[in-house]
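Asker: Before we start, here is the structure in question, set down as structure tokens.
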Amino acid sequence: MRRFVSYLALSATICFSIPSSLPAAEQEIAAHPLPTPRQWKIFAALDEATELDMADQPLSDVIEYWKQKHEIEIQLDGKALADAGIGSDTPVTLKTEGIRLRSALRMVLGNLDLTYSVGDGYLLITSKTEAENKLTSKIYPVHDLVTLDSMFRPRLEPGEKAGPDFQSLIELITSTVAPTTWDEVGGPGGIKAFTPSRALAISQTEEAHENIASLLADLRRTRDKQLAAAGPVDVVERQKREEGPLEIKVYRLVRQTEESKAAAESSAEKAAQHAGQGAAEASRGGNLEAWAKAIAELVPEMIEPESWASGKAMIRAVGETVVVRQTDDAQNRIGKLIMELAPGSTVAPVRTYYSAVRLSHSSVHAGWPHQAEPLPRNIEAQINEALGKPCELDFADQPLSDVIESLGNQCHVQIHLDNKALSDAGVGSDTPITRTMKGLSLRTALRLVLDELDLSYIIRNEVLLITSKTEAENMLTTKVYPVFDLAVRPPDAPATRPGLDFEPLVENITSNIGPSTWDEVGGPGAIMPFTNSGALVISQTTEIHEEIAQFLQALREVGAVQPK
């Protein structure tokens, strides 16, 4: 077998932005309508690092401090707060630093059963009840997530119709993001598919929209990381169809030399007139990822338009490459079109493979988990690292608050007590602790100390939060796990089985890890496969997530040492 990679030289500059402060590549998948300039200022401030060191200070003083520090307008919804029994003089106690304003606000407001919403140039502090009465509607472009025939499902199964699969994505969102707030279970939130625009229309609170945007971003990151990690895929060729086999080729965009830059820019501007705004921005800024997306939109409009609608042919932008599944004749025309956008491009022979195949386990690299799993972001990564650090304790009848402070200082991580949840559980910050330990990880030390008090810990709002086990079940975290290597169909499987078979993996996880905590048996946890990202999306407590990660690692280790 053989594969061809067309190297397309395009002009490229390092920096690229647009007036709305979102890169063109991000605009294409951002929720619409995009923020106004005044709203954007508020969203930017919410992502700024902040700190607070106040003990029993009025809520109004805390708000005024953040107004001055971040130079934004923050207003209190007096009527909503009064209805919730909260005054501007309600005392606030919090000491934290280095986390985003968004997280600090959630910590302060969450303890008072309050929340925030973003207005046109201001941040409104209101009650959670009032926030549910002021839902905002946003349109999410999800074409790449609902395309049924994807790289993770290399061919349509018998009886399977081509077309977008909105239902799987809708079920995923409503099961893992604020599951009790959707209209189908009596809540205020709504979600509907609009097929002509390949979009989801969602009406939800500001916090839910933030979580939905994060989930969709994680699905895309996980999909792209797995595509990049899989590399060349070993395949089993099936009988060729009458119309001839479909080939998969990868067209990689590379930066151009100075000598040919001017010619490429001229051709790129002409192509942009056909491909729309995304290509125009890409041509001016030289952003190769944006160019790949623009080409993926242009090609189906100009070459064999009817073939793409059937679901057999496929084109997708993956980073700075364009992956195309088409007949040999169409591939030749596509290659010529791409090369015309940048004169002087060359074609280097590599390997080609057919799409009418089934993927095999041998396609997975030995280092798959490390290559395919998106890294935790920012402070979450620091907390995960801190949980693995060694620590020691030597306390006799010392307050819980002192023990927690000592552990945080040793491992350089912010640990906070959820005083309200602890009080409801009958545990105070002054509860005496007697414990001596040395050389154990922070994760193990916390479990030993907290289990005796029926407490737990979760990663929440960029800190490690000590709370009750009951409250931990109400504050689940949603994570996207890349499991393409564990769900891919074995080479000897019947042809009727799907390309990815998640059922055995799901059954193993729900049977072996926290079996009483899953929604199918009345628990709070949820687990949903998502084919078009080759992933499992799991909503669970921090402790269960840790066990799942260890379980998946063990499955991969056992698979690696046994003969294929």
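Residues are named by chain letter and number: chains run A, B, ... in the order of the structure tokens, numbers start at 1 in each chain, and ligands are numbered from 1 in the order shown.
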When you look at Glu392 in chain A with a cut-off of 9 Å (counting only C-alpha atoms), what residues show up, excluding the ones that are within fewer than 3 positions of it in the same chain? I need them as number ranges by chain.
Answerer: A: 407, 410, 436-442, 445
Asker: Do a neighbour search on Trp66 in chain A at 12 Å with only C-alpha atoms, toss out local chain neighbours closer than 3 positions, and write the hits as a ChimeraX atom specification.
Answerer: /A:45-46,48-53,59-63,69-75,100-102,104-105,123
Asker: With a distance cut-off of 10 Å and only C-alpha atoms, select the neighbouring residues of range 26-40 of chain A, excluding the residue or stretch itself and same-chain residues fewer than 3 positions from it, and output the selection as a PyMOL selection string.
Answerer: chain A and resi 18-23+43-46+72+118-123+137-144+199-202+209+212-213+216-217+220+278+290+293
Asker: Need the shell around Gln57 in chain A: protein/DNA/RNA residues with any atom at most 8 Å away, counting only C-alpha atoms. Skip same-chain ones fewer than 6 positions apart. Format as a list in words?
Answerer: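 What passes the distance filter is Asp89, Thr90, Pro91, Val92 and Thr93 of chain A.
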Asker: Figure out the distance between CA of Ala386 in chain A and CA of Tyr457 in chain A, please, to one decimal in Å.
Answerer: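 A separation of 13.5 Å between them.
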Asker: List the neighbours of Glu380 in chain A out to 10 Å using only C-alpha atoms; skip same-chain residues closer than 2 positions along the sequence, and give me the result as JSON, numbers by chain.
Answerer: {"A": [375, 376, 377, 378, 382, 383, 384, 385, 386, 459, 460, 461, 462, 463, 464]}
Asker: Would you save the residues from that selection as a short mmCIF file (atom, residue, chain, number, x, y, z; two decimals), in the first residue's frame, using N, CA, C and O atoms?
Answerer:
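Output below, filename selection_4.cif:
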```
data_model
loop_
_atom_site.label_atom_id
_atom_site.label_comp_id
_atom_site.auth_asym_id
_atom_site.auth_seq_id
_atom_site.Cartn_x
_atom_site.Cartn_y
_atom_site.Cartn_z
N LEU A 375 -3.49 17.00 27.94
CA LEU A 375 -2.96 17.28 29.27
C LEU A 375 -3.95 18.12 30.08
O LEU A 375 -4.67 18.95 29.52
N PRO A 376 -4.00 17.92 31.41
CA PRO A 376 -4.84 18.78 32.24
C PRO A 376 -4.40 20.23 32.08
O PRO A 376 -3.23 20.52 31.83
N ARG A 377 -5.32 21.15 32.23
CA ARG A 377 -5.04 22.54 31.97
C ARG A 377 -4.61 23.30 33.23
O ARG A 377 -5.21 23.17 34.28
N ASN A 378 -3.57 24.05 33.11
CA ASN A 378 -3.17 25.06 34.08
C ASN A 378 -3.15 24.52 35.51
O ASN A 378 -2.45 23.57 35.81
N GLN A 382 -1.40 21.30 38.08
CA GLN A 382 -0.60 21.49 39.29
C GLN A 382 -1.19 20.73 40.48
O GLN A 382 -0.46 20.15 41.28
N ILE A 383 -2.52 20.73 40.59
CA ILE A 383 -3.17 20.02 41.69
C ILE A 383 -2.95 18.51 41.55
O ILE A 383 -2.65 17.81 42.53
N ASN A 384 -3.10 17.99 40.32
CA ASN A 384 -2.88 16.56 40.09
C ASN A 384 -1.45 16.17 40.44
O ASN A 384 -1.20 15.10 41.01
N GLU A 385 -0.51 17.05 40.10
CA GLU A 385 0.88 16.78 40.44
C GLU A 385 1.09 16.81 41.95
O GLU A 385 1.80 15.96 42.52
N ALA A 386 0.47 17.76 42.62
CA ALA A 386 0.61 17.88 44.08
C ALA A 386 0.05 16.66 44.80
O ALA A 386 0.60 16.22 45.82
N ILE A 459 -11.58 18.44 43.24
CA ILE A 459 -10.93 19.58 42.59
C ILE A 459 -12.04 20.48 42.08
O ILE A 459 -12.81 20.10 41.20
N ARG A 460 -12.13 21.66 42.64
CA ARG A 460 -13.24 22.56 42.33
C ARG A 460 -12.77 24.00 42.34
O ARG A 460 -12.08 24.42 43.28
N ASN A 461 -13.11 24.74 41.31
CA ASN A 461 -12.74 26.16 41.23
C ASN A 461 -11.25 26.37 41.43
O ASN A 461 -10.82 27.30 42.13
N GLU A 462 -10.45 25.48 40.86
CA GLU A 462 -8.98 25.61 40.83
C GLU A 462 -8.33 25.46 42.20
O GLU A 462 -7.21 25.88 42.40
N VAL A 463 -9.03 24.83 43.15
CA VAL A 463 -8.45 24.52 44.46
C VAL A 463 -8.86 23.10 44.83
O VAL A 463 -9.75 22.51 44.22
N LEU A 464 -8.19 22.55 45.83
CA LEU A 464 -8.56 21.26 46.39
C LEU A 464 -9.53 21.54 47.54
O LEU A 464 -9.16 22.19 48.52
#
```
Asker: Residues near range 509-513 of chain A, anyone? I mean within 9 Å using only C-alpha atoms, not counting same-chain ones fewer than 4 positions away, as a list in words.
Answerer: Pro504, Leu505, Thr517, Trp518, Ile527, Ile544, Glu547, Ile548, Phe551 and Leu552 of chain A
Asker: Create the file for the chosen residues now, containing N, CA and C atoms and written as a compact mmCIF listing (two decimals), in the first residue's frame.
Answerer:
```
# COMPACT_ATOMS: atom_id res chain seq x y z
N PRO A 504 -18.22 -3.18 26.10
CA PRO A 504 -17.44 -3.94 27.09
C PRO A 504 -16.68 -3.04 28.06
N LEU A 505 -16.14 -1.92 27.56
CA LEU A 505 -15.38 -1.01 28.42
C LEU A 505 -16.30 -0.34 29.43
N THR A 517 -22.65 4.05 42.28
CA THR A 517 -22.66 5.50 42.07
C THR A 517 -23.13 5.93 40.69
N TRP A 518 -23.52 4.97 39.82
CA TRP A 518 -23.88 5.32 38.44
C TRP A 518 -25.38 5.52 38.29
N ILE A 527 -21.92 7.99 32.53
CA ILE A 527 -20.86 7.60 31.59
C ILE A 527 -21.49 7.44 30.22
N ILE A 544 -13.57 8.92 42.24
CA ILE A 544 -13.91 7.92 41.22
C ILE A 544 -13.11 8.15 39.94
N GLU A 547 -9.75 6.59 40.26
CA GLU A 547 -9.81 5.13 40.12
C GLU A 547 -9.99 4.72 38.65
N ILE A 548 -10.79 5.49 37.91
CA ILE A 548 -10.99 5.19 36.49
C ILE A 548 -9.68 5.34 35.73
N PHE A 551 -7.57 2.40 36.38
CA PHE A 551 -8.15 1.22 35.74
C PHE A 551 -7.80 1.18 34.25
N LEU A 552 -7.94 2.31 33.56
CA LEU A 552 -7.62 2.37 32.14
C LEU A 552 -6.13 2.13 31.91
```
Asker: Distance CA of Leu450 in chain A-CA of Asp402 in chain A, one decimal place?
Answerer: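 We find that CA of Leu450 in chain A and CA of Asp402 in chain A lie 13.6 Å from each other.
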Asker: Could you check the closest approach to Val483 in chain A for each of A:Ala82, A:Ala396, A:Ile315, A:Leu227 and tell me which residue wins, using only C-alpha atoms?
Answerer: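 Nearest to Val483 in chain A: A:Leu227.
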Asker: Could you please determine the separation between CA of Tyr116 in chain A and CA of Ile191 in chain A in Å, to one decimal place?
Answerer: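 Taking CA of Tyr116 in chain A and CA of Ile191 in chain A, their separation equals 21.6 Å.
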Asker: Point out the residue among A:Phe194, A:Phe530, A:Trp291, A:Trp182 with the least atom-to-atom distance to Val322 in chain A, counting only C-alpha atoms.
Answerer: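 Under the stated criterion, the closest residue is A:Trp291.
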Asker: Check range 437-485 of chain A with DSSP on the backbone and list each residue it calls strand (DSSP E or B), as a list in words.
Answerer: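 Matching residues, listed in order: Met437, Lys438, Gly439, Leu440, Ser441, Leu455, Ser456, Tyr457, Ile458, Ile459, Arg460, Val463, Leu464, Leu465, Ile466, Thr467, Ser468, Thr477, Thr478, Lys479, Val480, Tyr481 and Pro482 of chain A.
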Asker: I need the residues from that last selection saved to file as an mmCIF file, in the first residue's frame (with N, CA, C and O atoms), if you can.
Answerer:
```
data_model
loop_
_atom_site.group_PDB
_atom_site.id
_atom_site.type_symbol
_atom_site.label_atom_id
_atom_site.label_comp_id
_atom_site.auth_asym_id
_atom_site.auth_seq_id
_atom_site.Cartn_x
_atom_site.Cartn_y
_atom_site.Cartn_z
ATOM 1 N N MET A 437 2.199 9.950 60.009
ATOM 2 C CA MET A 437 2.482 9.235 58.766
ATOM 3 C C MET A 437 3.667 9.896 58.076
ATOM 4 O O MET A 437 3.943 11.084 58.279
ATOM 5 N N LYS A 438 4.373 9.117 57.277
ATOM 6 C CA LYS A 438 5.559 9.633 56.599
ATOM 7 C C LYS A 438 5.730 8.928 55.262
ATOM 8 O O LYS A 438 5.573 7.708 55.164
ATOM 9 N N GLY A 439 6.060 9.702 54.220
ATOM 10 C CA GLY A 439 6.382 9.127 52.921
ATOM 11 C C GLY A 439 5.188 8.752 52.071
ATOM 12 O O GLY A 439 5.355 8.210 50.975
ATOM 13 N N LEU A 440 3.966 9.046 52.540
ATOM 14 C CA LEU A 440 2.783 8.744 51.749
ATOM 15 C C LEU A 440 2.472 9.919 50.827
ATOM 16 O O LEU A 440 2.841 11.060 51.092
ATOM 17 N N SER A 441 1.773 9.639 49.735
ATOM 18 C CA SER A 441 1.380 10.725 48.836
ATOM 19 C C SER A 441 0.299 11.568 49.495
ATOM 20 O O SER A 441 -0.411 11.105 50.406
ATOM 21 N N LEU A 455 -15.586 12.408 55.191
ATOM 22 C CA LEU A 455 -15.357 13.542 54.302
ATOM 23 C C LEU A 455 -14.645 13.069 53.037
ATOM 24 O O LEU A 455 -14.187 11.926 52.952
ATOM 25 N N SER A 456 -14.527 13.961 52.072
ATOM 26 C CA SER A 456 -13.855 13.648 50.820
ATOM 27 C C SER A 456 -13.219 14.925 50.288
ATOM 28 O O SER A 456 -13.350 15.998 50.894
ATOM 29 N N TYR A 457 -12.520 14.809 49.172
ATOM 30 C CA TYR A 457 -11.972 16.001 48.526
ATOM 31 C C TYR A 457 -12.326 15.986 47.054
ATOM 32 O O TYR A 457 -12.520 14.938 46.447
ATOM 33 N N ILE A 458 -12.440 17.177 46.479
ATOM 34 C CA ILE A 458 -12.702 17.319 45.062
ATOM 35 C C ILE A 458 -11.849 18.470 44.533
ATOM 36 O O ILE A 458 -11.431 19.353 45.297
ATOM 37 N N ILE A 459 -11.579 18.440 43.245
ATOM 38 C CA ILE A 459 -10.930 19.582 42.592
ATOM 39 C C ILE A 459 -12.041 20.478 42.078
ATOM 40 O O ILE A 459 -12.810 20.099 41.199
ATOM 41 N N ARG A 460 -12.132 21.664 42.643
ATOM 42 C CA ARG A 460 -13.244 22.563 42.326
ATOM 43 C C ARG A 460 -12.769 24.002 42.341
ATOM 44 O O ARG A 460 -12.083 24.415 43.283
ATOM 45 N N VAL A 463 -9.031 24.828 43.154
ATOM 46 C CA VAL A 463 -8.453 24.516 44.455
ATOM 47 C C VAL A 463 -8.858 23.099 44.826
ATOM 48 O O VAL A 463 -9.754 22.510 44.219
ATOM 49 N N LEU A 464 -8.188 22.553 45.832
ATOM 50 C CA LEU A 464 -8.560 21.264 46.392
ATOM 51 C C LEU A 464 -9.532 21.544 47.535
ATOM 52 O O LEU A 464 -9.157 22.194 48.516
ATOM 53 N N LEU A 465 -10.756 21.099 47.392
ATOM 54 C CA LEU A 465 -11.809 21.439 48.351
ATOM 55 C C LEU A 465 -12.146 20.237 49.221
ATOM 56 O O LEU A 465 -12.473 19.166 48.714
ATOM 57 N N ILE A 466 -12.071 20.429 50.549
ATOM 58 C CA ILE A 466 -12.449 19.391 51.503
ATOM 59 C C ILE A 466 -13.928 19.567 51.816
ATOM 60 O O ILE A 466 -14.357 20.617 52.299
ATOM 61 N N THR A 467 -14.725 18.532 51.525
ATOM 62 C CA THR A 467 -16.161 18.641 51.713
ATOM 63 C C THR A 467 -16.715 17.307 52.215
ATOM 64 O O THR A 467 -15.969 16.339 52.407
ATOM 65 N N SER A 468 -18.016 17.262 52.435
ATOM 66 C CA SER A 468 -18.640 16.001 52.862
ATOM 67 C C SER A 468 -18.813 15.081 51.669
ATOM 68 O O SER A 468 -18.868 15.530 50.514
ATOM 69 N N THR A 477 -17.502 16.218 38.529
ATOM 70 C CA THR A 477 -16.647 16.784 37.484
ATOM 71 C C THR A 477 -16.782 15.943 36.225
ATOM 72 O O THR A 477 -16.801 14.710 36.296
ATOM 73 N N THR A 478 -16.883 16.615 35.075
ATOM 74 C CA THR A 478 -17.000 15.906 33.804
ATOM 75 C C THR A 478 -15.646 15.878 33.099
ATOM 76 O O THR A 478 -15.012 16.912 32.930
ATOM 77 N N LYS A 479 -15.216 14.674 32.690
ATOM 78 C CA LYS A 479 -13.945 14.520 31.984
ATOM 79 C C LYS A 479 -14.145 13.697 30.716
ATOM 80 O O LYS A 479 -15.030 12.840 30.648
ATOM 81 N N VAL A 480 -13.290 13.976 29.735
ATOM 82 C CA VAL A 480 -13.333 13.266 28.459
ATOM 83 C C VAL A 480 -12.105 12.348 28.389
ATOM 84 O O VAL A 480 -10.967 12.824 28.428
ATOM 85 N N TYR A 481 -12.344 11.044 28.276
ATOM 86 C CA TYR A 481 -11.261 10.060 28.257
ATOM 87 C C TYR A 481 -11.058 9.528 26.838
ATOM 88 O O TYR A 481 -11.990 8.970 26.254
ATOM 89 N N PRO A 482 -9.857 9.655 26.274
ATOM 90 C CA PRO A 482 -9.578 9.051 24.958
ATOM 91 C C PRO A 482 -9.439 7.541 25.109
ATOM 92 O O PRO A 482 -8.557 7.061 25.808
#
```
Asker: Nearest to Arg333 in chain A: which of A:Leu422, A:Val185, A:Ile303, A:Ala309 is it, counting only C-alpha atoms?
Answerer: A:Ile303
